[in-house]
Structure formats: structure tokens, C-alpha cells
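J.: See protein-v2.pdb below, with PDB, C-alpha atoms.
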```pdb
ATOM      1  CA  MET Z  29      -6.264  10.212  16.060
ATOM      2  CA  ASP Z  30      -7.723  13.717  16.471
ATOM      3  CA  LEU Z  31      -5.949  16.457  14.532
ATOM      4  CA  SER Z  32      -6.003  20.155  15.336
ATOM      5  CA  LYS Z  33      -7.274  22.629  12.748
ATOM      6  CA  ARG Z  34      -3.698  23.820  12.191
ATOM      7  CA  GLN Z  35      -2.500  20.274  11.600
ATOM      8  CA  GLU Z  36      -5.317  19.700   9.107
ATOM      9  CA  THR Z  37      -4.311  22.913   7.331
ATOM     10  CA  ILE Z  38      -0.685  21.764   7.200
ATOM     11  CA  ILE Z  39      -1.776  18.481   5.632
ATOM     12  CA  GLU Z  40      -3.744  20.326   2.941
ATOM     13  CA  ILE Z  41      -0.767  22.578   2.162
ATOM     14  CA  VAL Z  42       1.596  19.630   1.835
ATOM     15  CA  LYS Z  43      -0.964  17.607  -0.121
ATOM     16  CA  ASN Z  44      -1.415  20.414  -2.669
ATOM     17  CA  ASP Z  45       2.126  21.819  -2.889
ATOM     18  CA  GLY Z  46       4.523  19.167  -1.607
ATOM     19  CA  PRO Z  47       7.381  18.679  -1.493
ATOM     20  CA  ILE Z  48       7.523  21.812   0.600
ATOM     21  CA  THR Z  49       9.916  22.911   3.340
ATOM     22  CA  GLY Z  50       8.992  23.655   6.924
ATOM     23  CA  GLU Z  51       9.978  27.267   6.394
ATOM     24  CA  GLN Z  52       7.606  27.574   3.447
ATOM     25  CA  ILE Z  53       4.747  26.039   5.418
ATOM     26  CA  ALA Z  54       5.412  28.407   8.328
ATOM     27  CA  GLU Z  55       5.404  31.369   5.947
ATOM     28  CA  ARG Z  56       2.026  30.323   4.532
ATOM     29  CA  LEU Z  57       0.583  30.227   8.048
ATOM     30  CA  ASN Z  58       2.310  33.402   9.244
ATOM     31  CA  LEU Z  59       4.064  31.431  11.972
ATOM     32  CA  THR Z  60       7.652  30.835  12.965
ATOM     33  CA  ARG Z  61       9.351  27.552  12.118
ATOM     34  CA  ALA Z  62       9.789  26.873  15.853
ATOM     35  CA  THR Z  63       6.052  27.269  16.490
ATOM     36  CA  LEU Z  64       5.272  24.819  13.701
ATOM     37  CA  ARG Z  65       7.868  22.217  14.680
ATOM     38  CA  PRO Z  66       5.686  20.242  17.172
ATOM     39  CA  ASP Z  67       2.853  19.919  14.621
ATOM     40  CA  LEU Z  68       5.212  18.714  11.908
ATOM     41  CA  SER Z  69       6.779  16.216  14.312
ATOM     42  CA  ILE Z  70       3.371  14.785  15.260
ATOM     43  CA  LEU Z  71       2.260  14.453  11.629
ATOM     44  CA  THR Z  72       5.555  12.868  10.641
ATOM     45  CA  MET Z  73       5.595  10.388  13.541
ATOM     46  CA  ALA Z  74       1.969   9.505  12.790
ATOM     47  CA  GLY Z  75       2.972   8.649   9.222
ATOM     48  CA  ILE Z  76       0.666  11.204   7.594
ATOM     49  CA  LEU Z  77       3.613  13.263   6.338
ATOM     50  CA  GLU Z  78       7.042  12.111   5.214
ATOM     51  CA  ALA Z  79      10.149  14.283   5.609
ATOM     52  CA  ARG Z  80      13.078  14.221   3.185
ATOM     53  CA  PRO Z  81      16.347  16.001   4.086
ATOM     54  CA  ARG Z  82      17.021  19.099   1.950
ATOM     55  CA  VAL Z  83      13.794  18.501   0.039
ATOM     56  CA  GLY Z  84      10.890  18.984   2.432
ATOM     57  CA  TYR Z  85       7.631  17.345   3.410
ATOM     58  CA  TYR Z  86       5.547  14.936   1.318
ATOM     59  CA  TYR Z  87       1.991  13.754   1.899
ATOM     60  CA  SER Z  88       2.030   9.981   2.482
ATOM     61  CA  GLY Z  89      -1.478   9.518   1.081
ATOM     62  CA  LYS Z  90      -2.621   7.741   4.236
ATOM     63  CA  SER Z  91      -5.435   8.844   6.517
ATOM     64  CA  ALA Z  92      -5.089   8.531  10.282
ATOM     65  CA  ASP Z  93      -7.512   5.587  10.208
ATOM     66  CA  LYS Z  94      -5.514   3.836   7.481
ATOM     67  CA  ILE Z  95      -2.302   4.347   9.440
ATOM     68  CA  LEU Z  96      -3.895   2.805  12.544
ATOM     69  CA  ALA Z  97      -5.118  -0.134  10.450
ATOM     70  CA  ASP Z  98      -1.601  -0.613   9.073
ATOM     71  CA  LYS Z  99      -0.189  -0.644  12.604
ATOM     72  CA  ILE Z 100      -2.641  -3.310  13.734
ATOM     73  CA  THR Z 101      -1.882  -5.565  10.777
ATOM     74  CA  ARG Z 102       1.877  -5.167  11.355
ATOM     75  CA  ILE Z 103       1.800  -6.027  15.073
ATOM     76  CA  LYS Z 104       2.316  -9.743  15.637
ATOM     77  CA  VAL Z 105       0.606 -11.974  18.184
ATOM     78  CA  GLY Z 106       3.995 -12.859  19.664
ATOM     79  CA  GLU Z 107       4.526  -9.221  20.653
ATOM     80  CA  VAL Z 108       1.394  -9.018  22.813
ATOM     81  CA  LYS Z 109       0.660 -12.597  23.905
ATOM     82  CA  SER Z 110       0.167 -13.492  27.567
ATOM     83  CA  VAL Z 111       1.383 -16.450  29.605
ATOM     84  CA  PRO Z 112      -0.916 -19.462  29.046
ATOM     85  CA  THR Z 113      -2.635 -21.284  31.875
ATOM     86  CA  VAL Z 114      -2.343 -25.030  31.290
ATOM     87  CA  VAL Z 115      -3.439 -28.233  33.027
ATOM     88  CA  SER Z 116      -3.156 -31.914  32.194
ATOM     89  CA  GLU Z 117      -5.960 -34.057  30.818
ATOM     90  CA  SER Z 118      -6.139 -35.969  34.118
ATOM     91  CA  CYS Z 119      -6.812 -32.791  36.117
ATOM     92  CA  SER Z 120     -10.205 -32.970  37.821
ATOM     93  CA  VAL Z 121     -12.959 -30.560  36.863
ATOM     94  CA  TYR Z 122     -12.869 -29.260  40.445
ATOM     95  CA  ASP Z 123      -9.154 -28.469  40.225
ATOM     96  CA  ALA Z 124      -9.687 -26.885  36.812
ATOM     97  CA  VAL Z 125     -12.326 -24.565  38.269
ATOM     98  CA  VAL Z 126      -9.997 -23.614  41.133
ATOM     99  CA  THR Z 127      -7.125 -22.983  38.695
ATOM    100  CA  MET Z 128      -9.315 -20.814  36.506
ATOM    101  CA  PHE Z 129     -10.330 -18.618  39.439
ATOM    102  CA  ILE Z 130      -6.841 -18.390  40.928
ATOM    103  CA  GLU Z 131      -5.286 -17.447  37.568
ATOM    104  CA  ASP Z 132      -8.246 -15.181  36.668
ATOM    105  CA  VAL Z 133      -8.623 -16.558  33.137
ATOM    106  CA  GLY Z 134     -11.605 -17.638  31.078
ATOM    107  CA  THR Z 135      -9.975 -20.568  29.291
ATOM    108  CA  LEU Z 136      -7.602 -23.382  30.243
ATOM    109  CA  TYR Z 137      -5.403 -25.199  27.745
ATOM    110  CA  ILE Z 138      -5.009 -28.939  28.180
ATOM    111  CA  VAL Z 139      -1.506 -30.136  27.391
ATOM    112  CA  ARG Z 140       0.467 -33.342  27.541
ATOM    113  CA  GLU Z 141       4.190 -33.848  28.097
ATOM    114  CA  GLY Z 142       6.279 -31.219  26.344
ATOM    115  CA  GLY Z 143       3.468 -28.653  26.448
ATOM    116  CA  MET Z 144       1.744 -30.099  23.388
ATOM    117  CA  LEU Z 145      -1.856 -28.979  22.944
ATOM    118  CA  ASP Z 146      -4.515 -31.629  23.478
ATOM    119  CA  GLY Z 147      -7.603 -29.571  24.208
ATOM    120  CA  VAL Z 148      -9.286 -26.438  25.482
ATOM    121  CA  VAL Z 149     -11.847 -25.975  28.225
ATOM    122  CA  SER Z 150     -13.792 -22.756  28.726
ATOM    123  CA  ARG Z 151     -15.582 -21.188  31.649
ATOM    124  CA  LYS Z 152     -18.867 -22.183  30.005
ATOM    125  CA  ASP Z 153     -17.758 -25.844  29.725
ATOM    126  CA  LEU Z 154     -16.939 -25.966  33.422
ATOM    127  CA  LEU Z 155     -20.165 -24.234  34.424
ATOM    128  CA  LYS Z 156     -22.294 -26.674  32.412
ATOM    129  CA  THR Z 157     -20.471 -29.609  33.984
ATOM    130  CA  THR Z 158     -20.743 -28.385  37.571
ATOM    131  CA  LEU Z 159     -24.477 -27.792  37.108
ATOM    132  CA  GLY Z 160     -24.964 -31.216  35.532
ATOM    133  CA  GLY Z 161     -24.799 -33.243  38.747
ATOM    134  CA  HIS Z 162     -21.372 -34.792  38.041
ATOM    135  CA  ASP Z 163     -18.838 -35.589  40.731
ATOM    136  CA  ILE Z 164     -16.423 -32.839  39.733
ATOM    137  CA  HIS Z 165     -13.773 -34.098  42.174
ATOM    138  CA  LYS Z 166     -13.436 -37.330  40.171
ATOM    139  CA  LEU Z 167     -14.368 -36.294  36.631
ATOM    140  CA  PRO Z 168     -11.209 -35.543  34.590
ATOM    141  CA  VAL Z 169     -11.226 -32.359  32.535
ATOM    142  CA  GLY Z 170     -10.211 -34.413  29.500
ATOM    143  CA  VAL Z 171     -13.768 -35.761  29.309
ATOM    144  CA  ILE Z 172     -15.330 -32.347  28.716
ATOM    145  CA  MET Z 173     -12.618 -30.501  26.793
ATOM    146  CA  THR Z 174     -12.779 -29.510  23.140
ATOM    147  CA  ARG Z 175     -10.269 -31.642  21.259
ATOM    148  CA  MET Z 176      -8.191 -31.253  18.151
ATOM    149  CA  PRO Z 177      -8.941 -30.578  15.333
ATOM    150  CA  ASN Z 178     -11.820 -28.440  16.633
ATOM    151  CA  ILE Z 179      -9.558 -25.927  18.363
ATOM    152  CA  HIS Z 180      -9.049 -22.421  16.994
ATOM    153  CA  MET Z 181      -5.471 -21.202  17.497
ATOM    154  CA  VAL Z 182      -2.897 -18.737  16.231
ATOM    155  CA  GLN Z 183       0.862 -18.638  15.680
ATOM    156  CA  GLU Z 184       3.276 -16.038  17.018
ATOM    157  CA  ASN Z 185       3.817 -14.526  13.558
ATOM    158  CA  ASP Z 186       0.109 -14.081  12.864
ATOM    159  CA  SER Z 187      -1.138 -10.497  12.978
ATOM    160  CA  VAL Z 188      -3.178  -9.327  15.949
ATOM    161  CA  TRP Z 189      -5.860  -8.362  13.436
ATOM    162  CA  LEU Z 190      -6.197 -11.993  12.347
ATOM    163  CA  ALA Z 191      -6.258 -13.178  15.961
ATOM    164  CA  ALA Z 192      -8.888 -10.607  16.962
ATOM    165  CA  HIS Z 193     -10.942 -11.582  13.904
ATOM    166  CA  LYS Z 194     -10.879 -15.223  15.038
ATOM    167  CA  LEU Z 195     -12.019 -14.265  18.539
ATOM    168  CA  LEU Z 196     -14.946 -12.342  17.095
ATOM    169  CA  THR Z 197     -15.886 -14.866  14.411
ATOM    170  CA  HIS Z 198     -15.862 -17.889  16.705
ATOM    171  CA  GLU Z 199     -17.226 -16.005  19.745
ATOM    172  CA  ILE Z 200     -14.518 -17.228  22.112
ATOM    173  CA  ASP Z 201     -12.579 -15.567  24.949
ATOM    174  CA  SER Z 202      -9.065 -16.580  23.969
ATOM    175  CA  LEU Z 203      -6.853 -18.457  21.538
ATOM    176  CA  PRO Z 204      -3.860 -20.653  22.320
ATOM    177  CA  VAL Z 205      -0.696 -19.287  20.736
ATOM    178  CA  VAL Z 206       1.214 -22.264  19.350
ATOM    179  CA  ARG Z 207       4.368 -23.305  17.526
ATOM    180  CA  THR Z 208       4.117 -26.092  14.976
ATOM    181  CA  VAL Z 209       6.252 -29.133  15.756
ATOM    182  CA  GLN Z 210       6.857 -31.783  13.097
ATOM    183  CA  VAL Z 211       6.370 -35.328  14.371
ATOM    184  CA  VAL Z 212       6.347 -38.768  12.769
ATOM    185  CA  ASN Z 213       2.580 -38.854  12.305
ATOM    186  CA  GLY Z 214       2.195 -35.257  11.151
ATOM    187  CA  LYS Z 215       2.150 -32.128  13.302
ATOM    188  CA  ASP Z 216       1.894 -31.247  16.966
ATOM    189  CA  TYR Z 217       1.314 -27.828  18.460
ATOM    190  CA  GLU Z 218       3.332 -26.556  21.392
ATOM    191  CA  VAL Z 219       1.471 -24.012  23.540
ATOM    192  CA  VAL Z 220       3.638 -20.892  23.980
ATOM    193  CA  GLY Z 221       1.089 -18.245  24.906
ATOM    194  CA  ARG Z 222      -2.446 -16.970  25.134
ATOM    195  CA  PHE Z 223      -4.178 -14.301  23.052
ATOM    196  CA  SER Z 224      -7.383 -13.020  24.632
ATOM    197  CA  LYS Z 225      -9.877 -10.167  24.553
ATOM    198  CA  THR Z 226      -7.790  -8.585  27.312
ATOM    199  CA  ASN Z 227      -4.779  -8.475  24.971
ATOM    200  CA  VAL Z 228      -6.909  -6.727  22.360
ATOM    201  CA  THR Z 229      -8.175  -4.177  24.878
ATOM    202  CA  ARG Z 230      -4.691  -3.502  26.265
ATOM    203  CA  LEU Z 231      -3.289  -2.995  22.747
ATOM    204  CA  PHE Z 232      -6.156  -0.666  21.856
ATOM    205  CA  VAL Z 233      -5.444   1.475  24.937
ATOM    206  CA  GLU Z 234      -1.690   1.557  24.248
ATOM    207  CA  LEU Z 235      -2.234   2.624  20.644
ATOM    208  CA  GLY Z 236      -4.572   5.363  21.865
ATOM    209  CA  GLU Z 237      -2.023   6.619  24.388
ATOM    210  CA  GLY Z 238       0.659   6.694  21.723
ATOM    211  CA  SER Z 239      -1.410   8.539  19.120
TER     212      SER Z 239
END
```
Let me see whether you can do it: turn the structure in this file into C-alpha cells.

T.:
Amino acid sequence: MDLSKRQETIIEIVKNDGPITGEQIAERLNLTRATLRPDLSILTMAGILEARPRVGYYYSGKSADKILADKITRIKVGEVKSVPTVVSESCSVYDAVVTMFIEDVGTLYIVREGGMLDGVVSRKDLLKTTLGGHDIHKLPVGVIMTRMPNIHMVQENDSVWLAAHKLLTHEIDSLPVVRTVQVVNGKDYEVVGRFSKTNVTRLFVELGEGS
């Protein structure tokens, strides 16, 4: 978030002399309260200043970068997830390739009845298979998919920071967003969304537009 010189001056005044009223700040800057109102609104909405009725403005102690970091850690995966693209384990590699291109995604999630996660197949997996001389019309995608427990995933209540960190750490295009389902033999994971690099980019742009 870029601040104007006047906004930076306001922050210094509040930091040194707060709590201080808007009228007092305006007097220090030889401006009217009306002229100053937009700057105070921006700083308050950004979280850099806090306003208390009949008391004045306080400095929150947070930099613009820290405020942005706080926003990212507060936003949950469930708020920004996309619709997942899923196929069954019996789907042929050929059909998986077609589905990937039609849906314009880089990863397919393999599910069984009830939408329970069985595996993941990436664009790279499909490319390696198609170049390997296999009959992709007959080869089921279940043969080449990555299976549990080697699948990286996130839950809806996880922060987008954690999800983005997983994408970067594991060098993958997307993560299945799942809900844990208790079953007789342990746990299953129902696929309810997709979190991808596109979600990260879209969120980054939206935060920039709102700053």
C-alpha cells in the first residue's frame, strides 16, 4: 500500500501525540477537517490508525505490510476456492487429457462414489504417459495417478497463506480442498474444491485493488 506524504505525516503525528482528534491533526497541518477526512478514512480502513468516538485517533502499531500479512492469514481457503474438476479411476488417460483441456485446469482429482478422494493426476503425469507409447484410450487414469497418502491437500478453514505455502513448497499447481469424513476404518476426504496458483493470483489482485 503506497501512502502519500500527507498520510505519512498524519501517521507520525498520531504515533507521537495520540490519542488526538481530527481537528487537532488538521490544525497541525494548517488544513480544514474536511480536507483531511479522506486521508483519515483511508488510514483507518487500512488498519494503520484506530478511531475512538469522543477520544480521537490512535496508532495501531501495524505497518501496511504487516496489515496485508494479517489479512492473508485471516482469509480462509473456503472463501476463495474454485470448483474442482474430478474424474473416476476408470476414466481413460485419453478422456482425462480431453477433460483437462476442456476445463482448462492443470490437475484432475480422482474420486470414487460420494466424491471421496482417491488420487490426483497432473498435466505432467498425463504428458509423460502419452509420450511413453501407451494406448491412452485403454489405460485407466488410476494406473498413473498419485495415491493417498502421498497427496497434499487443504481444508476449507485453512488459511490461504498455508495453502499458498504448500503450493510453493511442493512445487505443484493446485491442492484439493477437502472435508474430513469419519469412516469405520479411519478417515476419508471428500473433495469440495480446488485451490490453485490462479486463486492466489486473483486474491493478490483483489487485495491490491482494495488497498

J.: Between Z:Pro66, Z:Pro177, Z:Gly147, Z:Gly84, single out the one closest to Gly50 (chain Z), counting all atoms listed in the file.

T.: Z:Gly84

J.: Got a sec: who's within 9 Å of Ile38 (chain Z), counting only C-alpha atoms, leaving out chain neighbours fewer than 3 positions off, as a short mmCIF file (atom, residue, chain, number, x, y, z; two decimals) with C-alpha atoms, in the frame of the given file?

T.:
```
data_model
loop_
_atom_site.label_atom_id
_atom_site.label_comp_id
_atom_site.auth_asym_id
_atom_site.auth_seq_id
_atom_site.Cartn_x
_atom_site.Cartn_y
_atom_site.Cartn_z
CA LYS Z 33 -7.27 22.63 12.75
CA ARG Z 34 -3.70 23.82 12.19
CA GLN Z 35 -2.50 20.27 11.60
CA ILE Z 41 -0.77 22.58 2.16
CA VAL Z 42 1.60 19.63 1.84
CA LYS Z 43 -0.96 17.61 -0.12
CA ILE Z 53 4.75 26.04 5.42
CA LEU Z 57 0.58 30.23 8.05
CA ASP Z 67 2.85 19.92 14.62
CA LEU Z 68 5.21 18.71 11.91
#
```

J.: Would you mind telling me which residue in Z:Leu59, Z:Cys119, Z:Val188, Z:Val114 lies nearest to Val219 (chain Z) when using only C-alpha atoms?

T.: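 Residue with the minimum atom-to-atom distance to Val219 (chain Z): Z:Val114.
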
J.: Just checking: using only C-alpha atoms, which residue out of Z:Ile179, Z:Leu71, Z:Val233, Z:Val228 ends up closest to Ala192 (chain Z)?

T.: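 Looking only at the distances to Ala192 (chain Z), the closest residue turns out to be Z:Val228.
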
J.: Ranking Z:Asp216, Z:Glu36, Z:Asp123, Z:Glu55 by minimum distance to Pro168 (chain Z) and counting only C-alpha atoms, which one comes first?

T.: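 Of all the options, Z:Asp123 lies closest to Pro168 (chain Z).
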
J.: In Å, how far is it from CA of Val205 (chain Z) to CA of Val125 (chain Z)?

T.: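 Between CA of Val205 (chain Z) and CA of Val125 (chain Z) the gap is 21.7 Å.
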
J.: Please provide the set of residues having any atom within 7 Å of Tyr86 (chain Z), restricted to only C-alpha atoms, with same-chain residues fewer than 6 positions apart removed, written as a list of chain:residue names.

T.: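 Within the cut-off, the hits are Z:Val42, Z:Gly46, Z:Pro47, Z:Leu77, Z:Glu78, Z:Ala79.
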
J.: Counting all atoms listed in the file, figure out which residue out of Z:Leu195, Z:Ile164, Z:Val206, Z:Val211 gets nearest to Ser120 (chain Z).

T.: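 Using all atoms listed in the file, the shortest distance to Ser120 (chain Z) belongs to Z:Ile164.
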
J.: Determine, counting all atoms listed in the file, which protein, DNA and RNA residues have an atom within 9 Å of an atom of Val108 (chain Z); residues of the same chain fewer than 3 positions away are not included. Present the result as a list in words.

T.: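 My reading of the contact set: Ile103, Lys104, Val105, Val188, Phe223, Asn227, Val228, Arg230 and Leu231 of chain Z.
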
J.: Would you mind reading off the distance between CA of Thr157 (chain Z) and CA of Gly221 (chain Z), one decimal, in Å?

T.: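 Between CA of Thr157 (chain Z) and CA of Gly221 (chain Z) the gap is 26.0 Å.
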